[in-house]
Structure formats: C-alpha cells, structure tokens
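Pasting upload_14.txt here (compact mmCIF, C-alpha atoms):
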```txt
# COMPACT_ATOMS: atom_id res chain seq x y z
CA MET H 12 -91.92 -47.32 76.93
CA SER H 13 -91.00 -46.66 80.56
CA PRO H 14 -89.97 -43.19 81.79
CA THR H 15 -86.64 -44.64 82.89
CA ARG H 16 -85.97 -46.05 79.42
CA ASP H 17 -87.03 -42.77 77.81
CA PHE H 18 -84.63 -40.93 80.07
CA LEU H 19 -81.75 -43.28 79.18
CA ILE H 20 -82.40 -43.01 75.45
CA ALA H 21 -82.61 -39.23 75.69
CA GLY H 22 -79.34 -39.20 77.60
CA VAL H 23 -77.60 -41.36 75.00
CA LEU H 24 -78.91 -39.18 72.17
CA THR H 25 -77.65 -36.08 73.97
CA ILE H 26 -74.18 -37.59 74.35
CA VAL H 27 -74.09 -38.71 70.71
CA SER H 28 -75.33 -35.30 69.57
CA ALA H 29 -72.64 -33.57 71.62
CA ALA H 30 -69.95 -35.85 70.22
CA VAL H 31 -71.07 -35.25 66.65
CA HIS H 32 -71.25 -31.51 67.30
CA ALA H 33 -67.72 -31.54 68.70
CA GLN H 34 -66.51 -33.19 65.51
CA VAL H 35 -68.08 -30.68 63.14
CA ASP H 36 -68.08 -27.52 65.22
CA PRO H 37 -65.00 -25.47 64.21
CA SER H 38 -65.01 -23.74 67.59
CA GLY H 39 -63.92 -27.04 69.18
CA TYR H 40 -60.96 -27.50 66.84
CA PRO H 41 -58.87 -29.52 67.24
CA ASN H 42 -60.35 -32.33 69.30
CA LYS H 43 -58.74 -35.31 67.57
CA PRO H 44 -55.36 -36.11 65.95
CA VAL H 45 -54.13 -33.90 63.11
CA ARG H 46 -51.84 -35.00 60.28
CA MET H 47 -49.47 -32.83 58.29
CA ILE H 48 -48.63 -34.08 54.80
CA VAL H 49 -45.03 -33.55 53.67
CA GLY H 50 -44.12 -34.24 50.05
CA PHE H 51 -40.57 -35.35 50.79
CA THR H 52 -38.76 -38.20 52.52
CA PRO H 53 -37.88 -38.23 56.23
CA GLY H 54 -34.72 -36.25 56.93
CA SER H 55 -35.28 -33.68 54.18
CA ALA H 56 -35.35 -30.00 55.12
CA THR H 57 -39.12 -29.93 54.60
CA ASP H 58 -39.59 -32.97 56.81
CA VAL H 59 -37.26 -31.78 59.58
CA THR H 60 -38.93 -28.38 59.90
CA ALA H 61 -42.43 -29.88 59.62
CA ARG H 62 -41.67 -32.13 62.59
CA LEU H 63 -40.60 -29.14 64.67
CA PHE H 64 -44.00 -27.54 64.06
CA ALA H 65 -45.87 -30.80 64.57
CA GLN H 66 -44.30 -31.20 68.01
CA ARG H 67 -45.13 -27.63 69.05
CA PHE H 68 -48.72 -27.85 67.74
CA SER H 69 -49.23 -31.13 69.59
CA GLU H 70 -48.05 -29.53 72.83
CA LEU H 71 -50.23 -26.48 72.26
CA TRP H 72 -53.40 -28.35 71.29
CA GLY H 73 -53.15 -31.42 73.50
CA VAL H 74 -53.77 -33.77 70.56
CA GLY H 75 -51.42 -35.84 68.45
CA VAL H 76 -50.00 -34.10 65.38
CA THR H 77 -48.19 -36.45 63.03
CA VAL H 78 -46.15 -35.93 59.87
CA GLU H 79 -47.11 -38.15 56.95
CA ASN H 80 -44.41 -38.38 54.27
CA ILE H 81 -45.79 -38.78 50.74
CA PRO H 82 -42.76 -38.15 48.49
CA GLY H 83 -42.60 -38.03 44.72
CA ALA H 84 -42.21 -35.67 41.75
CA GLY H 85 -40.72 -32.79 43.69
CA GLY H 86 -43.41 -32.78 46.35
CA THR H 87 -46.34 -32.72 43.94
CA VAL H 88 -47.64 -36.18 44.88
CA GLY H 89 -48.07 -35.14 48.49
CA ALA H 90 -49.60 -31.81 47.48
CA ALA H 91 -52.20 -33.59 45.33
CA ARG H 92 -53.11 -35.88 48.24
CA ALA H 93 -53.51 -32.94 50.61
CA ALA H 94 -55.63 -31.01 48.12
CA LYS H 95 -58.17 -33.85 48.05
CA ALA H 96 -58.39 -34.26 51.84
CA PRO H 97 -61.59 -33.30 53.71
CA PRO H 98 -61.57 -29.55 54.47
CA ASP H 99 -62.00 -29.99 58.21
CA GLY H 100 -58.59 -28.92 59.49
CA TYR H 101 -57.48 -32.43 60.41
CA THR H 102 -55.33 -32.87 57.31
CA LEU H 103 -52.88 -30.02 56.64
CA LYS H 104 -50.24 -29.46 54.01
CA TYR H 105 -46.76 -28.39 55.08
CA GLY H 106 -45.56 -27.20 51.71
CA ALA H 107 -42.42 -25.86 50.10
CA ASN H 108 -42.27 -23.48 47.16
CA GLY H 109 -41.15 -26.27 44.82
CA ALA H 110 -44.58 -27.91 44.70
CA MET H 111 -46.57 -24.73 45.29
CA ALA H 112 -44.86 -22.16 43.06
CA ILE H 113 -42.36 -23.85 40.72
CA ALA H 114 -44.25 -27.01 39.71
CA PRO H 115 -47.05 -25.17 37.85
CA GLY H 116 -44.50 -23.89 35.33
CA LEU H 117 -42.52 -27.12 35.22
CA TYR H 118 -45.23 -29.73 34.64
CA ASN H 119 -47.75 -29.72 31.80
CA LYS H 120 -50.42 -31.17 34.08
CA LEU H 121 -50.77 -31.14 37.83
CA ALA H 122 -53.38 -33.00 39.87
CA TYR H 123 -54.01 -29.83 41.87
CA ASP H 124 -54.10 -26.06 41.48
CA PRO H 125 -52.01 -24.30 44.17
CA THR H 126 -54.16 -21.16 44.02
CA ARG H 127 -57.55 -22.89 43.90
CA ASP H 128 -57.25 -26.10 45.91
CA PHE H 129 -55.68 -24.76 49.11
CA ALA H 130 -56.49 -22.30 51.86
CA PRO H 131 -53.15 -20.64 52.76
CA VAL H 132 -52.51 -20.31 56.49
CA SER H 133 -49.08 -18.67 56.71
CA LEU H 134 -45.68 -18.61 55.08
CA LEU H 135 -43.63 -19.76 58.06
CA LEU H 136 -39.98 -19.92 57.04
CA SER H 137 -37.68 -18.57 54.37
CA MET H 138 -34.17 -19.56 53.41
CA GLY H 139 -31.88 -18.02 50.84
CA SER H 140 -29.11 -19.84 49.00
CA ILE H 141 -25.40 -19.12 48.97
CA VAL H 142 -23.41 -18.61 45.77
CA ALA H 143 -20.16 -20.49 46.40
CA VAL H 144 -17.17 -21.38 44.24
CA ASN H 145 -14.27 -23.79 44.32
CA ASN H 146 -11.33 -22.23 46.15
CA ASP H 147 -9.15 -22.34 43.03
CA VAL H 148 -11.52 -20.13 41.04
CA PRO H 149 -9.74 -16.74 40.73
CA VAL H 150 -12.55 -14.62 42.18
CA LYS H 151 -13.10 -13.15 45.64
CA THR H 152 -16.44 -11.37 45.07
CA PHE H 153 -19.72 -11.98 43.31
CA GLN H 154 -18.97 -9.13 40.90
CA GLN H 155 -15.69 -10.81 39.92
CA LEU H 156 -17.54 -14.10 39.34
CA ILE H 157 -19.98 -12.44 36.95
CA ALA H 158 -17.11 -10.73 35.13
CA LEU H 159 -15.34 -14.09 34.75
CA ALA H 160 -18.51 -15.75 33.47
CA ARG H 161 -19.02 -12.99 30.90
CA ALA H 162 -15.42 -13.32 29.74
CA GLN H 163 -15.73 -17.11 29.40
CA PRO H 164 -19.28 -17.90 28.19
CA GLY H 165 -20.17 -21.56 28.64
CA LYS H 166 -16.86 -22.40 30.35
CA LEU H 167 -18.04 -22.22 33.96
CA SER H 168 -20.43 -24.78 35.46
CA TYR H 169 -22.75 -24.93 38.44
CA ALA H 170 -24.07 -27.86 40.46
CA SER H 171 -27.69 -28.03 41.63
CA PRO H 172 -29.64 -30.65 43.63
CA GLY H 173 -31.73 -31.43 40.55
CA VAL H 174 -33.87 -30.13 37.70
CA GLY H 175 -36.71 -27.85 38.80
CA THR H 176 -35.43 -27.36 42.34
CA PRO H 177 -35.49 -23.85 43.79
CA GLN H 178 -31.70 -23.74 43.49
CA HIS H 179 -31.84 -24.70 39.79
CA VAL H 180 -34.48 -22.18 38.72
CA GLY H 181 -32.97 -19.56 41.04
CA THR H 182 -29.58 -19.89 39.35
CA GLU H 183 -31.21 -19.76 35.92
CA LEU H 184 -32.84 -16.49 36.99
CA LEU H 185 -29.41 -15.24 38.06
CA LYS H 186 -28.00 -16.16 34.64
CA ILE H 187 -30.81 -14.35 32.86
CA VAL H 188 -30.54 -11.18 34.94
CA ALA H 189 -26.73 -11.11 34.82
CA GLY H 190 -26.56 -12.05 31.16
CA VAL H 191 -24.14 -14.96 31.62
CA ASP H 192 -23.86 -18.49 30.27
CA ILE H 193 -22.98 -21.05 32.96
CA THR H 194 -23.53 -24.77 32.35
CA HIS H 195 -25.97 -26.60 34.62
CA VAL H 196 -24.83 -29.91 36.19
CA PRO H 197 -27.75 -31.51 38.07
CA TYR H 198 -27.12 -33.96 40.91
CA LYS H 199 -29.36 -36.40 42.72
CA GLY H 200 -26.96 -36.97 45.59
CA ALA H 201 -24.08 -35.17 47.24
CA MET H 202 -22.62 -32.45 45.02
CA PHE H 203 -20.21 -30.60 47.27
CA THR H 204 -17.40 -33.11 46.73
CA ASP H 205 -17.30 -32.29 43.01
CA VAL H 206 -17.37 -28.53 43.63
CA ILE H 207 -14.68 -28.78 46.31
CA GLY H 208 -12.60 -30.96 43.99
CA GLY H 209 -12.95 -28.52 41.10
CA ARG H 210 -14.89 -30.79 38.74
CA VAL H 211 -17.68 -28.20 38.86
CA THR H 212 -16.92 -24.48 39.18
CA MET H 213 -19.61 -23.42 41.61
CA THR H 214 -22.96 -24.08 43.21
CA VAL H 215 -25.93 -22.11 44.46
CA GLN H 216 -27.25 -24.12 47.38
CA ASN H 217 -29.60 -23.45 50.27
CA ALA H 218 -27.85 -21.90 53.23
CA ALA H 219 -28.70 -24.65 55.70
CA ALA H 220 -26.97 -27.24 53.55
CA ILE H 221 -23.88 -25.32 52.43
CA LEU H 222 -23.08 -22.87 55.23
CA PRO H 223 -20.92 -25.30 57.27
CA THR H 224 -18.85 -26.04 54.14
CA VAL H 225 -18.39 -22.32 53.50
CA ARG H 226 -17.53 -21.44 57.08
CA ASP H 227 -14.92 -24.17 57.37
CA GLY H 228 -13.24 -22.87 54.22
CA ARG H 229 -13.81 -25.81 51.86
CA LEU H 230 -15.80 -23.54 49.52
CA ARG H 231 -15.65 -19.77 49.07
CA GLY H 232 -18.99 -18.07 49.71
CA LEU H 233 -19.56 -14.96 47.59
CA ALA H 234 -23.16 -13.87 48.12
CA GLN H 235 -26.57 -14.91 49.38
CA THR H 236 -29.74 -14.90 47.28
CA ALA H 237 -32.24 -13.49 49.78
CA LEU H 238 -33.31 -9.92 49.11
CA LYS H 239 -31.90 -8.81 52.46
CA ARG H 240 -29.00 -10.24 54.42
CA SER H 241 -30.11 -13.07 56.65
CA PRO H 242 -29.39 -12.39 60.33
CA ASN H 243 -27.95 -15.91 60.34
CA ILE H 244 -25.35 -14.97 57.68
CA PRO H 245 -24.60 -11.26 58.21
CA GLU H 246 -21.07 -11.60 56.82
CA LEU H 247 -22.19 -12.34 53.25
CA PRO H 248 -23.58 -9.61 50.96
CA THR H 249 -26.69 -10.28 48.90
CA VAL H 250 -26.73 -10.68 45.14
CA ALA H 251 -29.04 -7.65 45.11
CA GLU H 252 -26.43 -5.43 46.74
CA SER H 253 -23.66 -6.93 44.60
CA GLY H 254 -24.75 -5.57 41.25
CA LEU H 255 -28.16 -7.14 40.53
CA PRO H 256 -30.70 -4.88 42.33
CA GLY H 257 -33.95 -6.55 43.32
CA PHE H 258 -32.67 -10.08 42.79
CA GLU H 259 -34.27 -12.66 45.07
CA ALA H 260 -34.36 -16.45 44.92
CA VAL H 261 -35.30 -18.21 48.15
CA SER H 262 -36.83 -21.43 49.37
CA TRP H 263 -39.81 -21.19 51.66
CA PHE H 264 -42.01 -23.43 53.81
CA GLY H 265 -45.62 -22.72 54.63
CA LEU H 266 -48.75 -24.20 56.16
CA LEU H 267 -51.89 -24.73 54.10
CA ALA H 268 -55.26 -26.44 54.48
CA PRO H 269 -57.53 -27.88 51.79
CA ALA H 270 -59.76 -25.28 50.12
CA GLY H 271 -63.10 -24.95 51.89
CA THR H 272 -61.65 -25.31 55.38
CA PRO H 273 -63.77 -23.07 57.68
CA ALA H 274 -62.31 -19.59 58.16
CA VAL H 275 -62.40 -19.96 61.95
CA ILE H 276 -60.06 -22.97 61.68
CA VAL H 277 -57.74 -21.21 59.23
CA ASN H 278 -57.60 -18.22 61.56
CA LYS H 279 -56.83 -20.41 64.58
CA LEU H 280 -54.07 -22.18 62.64
CA HIS H 281 -52.65 -18.80 61.69
CA GLN H 282 -52.67 -17.43 65.22
CA ASP H 283 -51.22 -20.63 66.66
CA SER H 284 -48.51 -20.67 63.98
CA LEU H 285 -47.44 -17.19 65.05
CA MET H 286 -47.41 -18.32 68.66
CA VAL H 287 -45.18 -21.30 67.80
CA LEU H 288 -42.84 -19.12 65.73
CA ALA H 289 -42.46 -16.71 68.64
CA HIS H 290 -41.39 -19.40 71.11
CA PRO H 291 -37.71 -18.84 72.06
CA ASP H 292 -36.82 -22.54 71.82
CA MET H 293 -38.41 -22.78 68.39
CA ARG H 294 -36.54 -19.70 67.19
CA ALA H 295 -33.27 -21.15 68.48
CA SER H 296 -33.89 -24.43 66.65
CA LEU H 297 -34.71 -22.65 63.39
CA THR H 298 -31.73 -20.30 63.64
CA LYS H 299 -29.47 -23.31 64.12
CA LEU H 300 -30.84 -24.68 60.84
CA GLY H 301 -30.14 -21.39 59.06
CA LEU H 302 -33.79 -20.47 58.58
CA ASP H 303 -35.47 -17.07 58.84
CA THR H 304 -38.94 -16.86 60.38
CA VAL H 305 -41.76 -15.09 58.52
CA GLY H 306 -45.29 -15.68 59.83
CA ASN H 307 -47.44 -13.60 57.48
CA THR H 308 -51.23 -13.58 57.04
CA PRO H 309 -53.26 -16.01 54.91
CA ALA H 310 -53.95 -13.21 52.40
CA GLU H 311 -50.26 -12.26 52.21
CA PHE H 312 -49.27 -15.89 51.74
CA ALA H 313 -51.83 -16.30 48.94
CA THR H 314 -50.38 -13.25 47.18
CA ILE H 315 -46.85 -14.65 47.43
CA ILE H 316 -47.90 -18.02 45.98
CA LYS H 317 -49.61 -16.31 43.04
CA SER H 318 -46.73 -13.93 42.33
CA ASP H 319 -44.11 -16.69 42.69
CA ILE H 320 -45.97 -18.91 40.22
CA ALA H 321 -45.86 -16.11 37.65
CA LYS H 322 -42.20 -15.35 38.40
CA TRP H 323 -40.90 -18.91 38.15
CA THR H 324 -43.10 -19.89 35.22
CA LYS H 325 -41.51 -17.05 33.26
CA VAL H 326 -38.00 -18.15 34.24
CA ILE H 327 -38.71 -21.80 33.39
CA LYS H 328 -40.07 -20.84 29.99
CA GLU H 329 -37.21 -18.46 29.19
CA ALA H 330 -34.55 -20.94 30.33
CA GLY H 331 -36.22 -23.82 28.47
CA ILE H 332 -36.44 -26.03 31.56
CA THR H 333 -38.59 -29.16 31.34
CA ALA H 334 -39.39 -31.79 33.96
CA SER H 335 -37.77 -34.45 31.73
CA ASP H 336 -34.36 -32.66 31.65
```

Exercise: express the given structure as structure tokens:
Amino acid sequence: MSPTRDFLIAGVLTIVSAAVHAQVDPSGYPNKPVRMIVGFTPGSATDVTARLFAQRFSELWGVGVTVENIPGAGGTVGAARAAKAPPDGYTLKYGANGAMAIAPGLYNKLAYDPTRDFAPVSLLLSMGSIVAVNNDVPVKTFQQLIALARAQPGKLSYASPGVGTPQHVGTELLKIVAGVDITHVPYKGAMFTDVIGGRVTMTVQNAAAILPTVRDGRLRGLAQTALKRSPNIPELPTVAESGLPGFEAVSWFGLLAPAGTPAVIVNKLHQDSLMVLAHPDMRASLTKLGLDTVGNTPAEFATIIKSDIAKWTKVIKEAGITASD
C-alpha cells in the first residue's frame, strides 16, 4: 500500500472518527436537529407554548428544533413514545401535568412510568384556573358561591373540558375540601356558551382560555386556583385566601428527556431553558397567554411530579373518577 494511500485512508478514518465522536459526545450537544414530542393536537395550549420554546431553542442552538404532535388519551400516547426514545437529548418531551401527574391515578395501566422513565429538566410554566359563574347566579364572591352550594346540594353544576383534565380533578378537589356537592358536566368542545346561557351554573377553567370572557363581563370571575395571585390576574383573589387555606390546583408545562440521558445534556437543557425564560420577548409572549414562568431545577421538578401524582391519585380515588366516565 502506497504512503499516499495510507495517508488518505488515515485522513478518512480521522474524519469519520470525529463525526462519530461529535454524535455521541455530550459536550457537542446539540449538533443535529432536535424534536420535541407534544401529546396534543396543533393549536392546543401545550402545542402553542411548546412551539415558542422550540423556536427559541433553535435560535440559541443553531439547529432545527421541531414539534411533533402525537395526540391521544390525554397526552399519554405521546408520553409513552417519548419515554421509549433514545436517551441522547435529540428527542425531548414537552409535557403537561395531565399525562405526567394525573394519568397515573386515572388509568389502570400506563405504557410509561412518569417517575422512572423520564429525566426531568425543568418545570417551565404554570397556569391557574378561574372559578367563574353565570351572571345570573346570585353570588359576588367565592365565599358566597360555597355558601350557595352548601345550601343547595346537588343543584349547582360545573362545566369542565373533559374527564380527567386538570380542571376536572381540580374542581373535584375543591368540592372535597369545601364539602360541597356540585354536578360535573364534561364537555369535549366549547363550554362557555352553556355557562353564559345559564344551562350550567359555573366552570373552573384555565386562565388563558377564560380570562377574556371574564374581563368582558360575559362571566363573573370569583377566584383563581393558584396558591398565590398570578401577576397576570392581580384583581382576582385566590381560593386559598377566600376560605380554603392551602388550596392549589394548577396546570403546568415542563421539559423532560428520556431516562438515561447524560447529566451534562440535562444540565445544558436546564440552563438554556432558564435563558429562554428570561428573554424579554419570551416573557411578553407568555404573559399575553396568561402564563406564569417557573424555571426550577431538575431535582425540584422531579419532586413536584412525585408529589402531584400522590395528590391527584388521592383525589381521583376519593371522587370516584375513572377514565371511562
């Protein structure tokens, strides 16, 4: 073999070796397109916020970051797909608390374990719901609503966006804590028309969806379900400060990777997530959607997932909620 040929072969092997190393070396992450799996359809709150992060990550990393929608069973189909992805940082899960914290208590069997099959990166966003009533209901405060419900057990009704949603289990928690009986009316489509028209007494719906309807006076907002008043809705008291201390029922969105993803990649994702959350334009976009930014650590996020699973499993069991309802 000639020296020239030896030199060429050695050069090719060096290039191939460097390319392979770049693919597997976490310190070079990311050096190819990244996909974020979302368990809901395009246009959903989860999808809309995921795309905001995907755009910012793509700009920050200089690689394409795409959202892949895999809807079904309250986000659990997408979560199962993400859990089985290679743990290399190139497939991420943008998850909501429905699939990560409520589903374990709702379904008898899941194709994934939220605490075992994922490496939490950060809880990014949080959003409380608003307790709102039809304008003809003779109450002006949350305390008056609870008094009315206690005086008329089973007579009032509430609309939710479906069985097992954060709004459904959150309202069932409210009923348990307040000791009231309010009939659940699940919807798969628009529900505000029936509440505005008085066919349903009230609803407890995420702030981003219902706030415009409350602020234009078509529904009367009484309280918000976050533990502390959202800076986006300072005019509404919380349920906790309205007679039910410690009450909290929120929706959240977070970033996760498949379990086994190298710590250096998880740490980079965490730091870059904080950087994206701190960007003024990003904050403005999220505020416009009625969302509060969080940005905690992987360990803190893991603790929240575990505690929320225990919390909502207890509520689901006590309220007798099943996925087939």

Using only C-alpha atoms: which of H:Ala289, H:Ile276, H:Val88, H:Leu103 has the shortest distance to H:Pro44: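 Answer, going by the shortest atom-to-atom distance: H:Leu103.
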
Long-range neighbours of stretch 89-91 of chain H as a PDB file with C-alpha atoms, in the frame of the given file, 6 Å cut-off, all atoms listed in the file, 5 positions minimum in chain:
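File result38.pdb, as written:
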```
ATOM      1  CA  GLY H  50     -44.120 -34.240  50.050  1.00  0.00           C
ATOM      2  CA  ILE H  81     -45.790 -38.780  50.740  1.00  0.00           C
ATOM      3  CA  ALA H 122     -53.380 -33.000  39.870  1.00  0.00           C
ATOM      4  CA  TYR H 123     -54.010 -29.830  41.870  1.00  0.00           C
TER       5      TYR H 123
END
```

Residue nearest H:Asn108 - candidates H:Asn42, H:Ser137, H:Thr194, H:Gln282, atoms counted: all atoms listed in the file: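 For H:Asn108, the nearest of the given residues is H:Ser137.
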
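The spacing separating atom CA of H:Ala260 from atom CA of H:Leu238 amounts to 7.8 Å.
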
For H:Ala234: contacts at 7 Å, only C-alpha atoms, fewer than 2 positions along chain excluded, given as an NGL selection string: :H and (141-142 or 153 or 232 or 236 or 247-250)

Selection as a PyMOL selection string: residues within 7 Å of (-48.1, -38.9, 59.9), counting only C-alpha atoms: chain H and resi 46-47+77-80

Counting all atoms listed in the file, the residue of H:Thr204, H:Ser284, H:Gln216, H:Ile320 that sits nearest H:Ser69: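 Of H:Thr204, H:Ser284, H:Gln216, H:Ile320, the one nearest H:Ser69, counting all atoms listed in the file, is H:Ser284.
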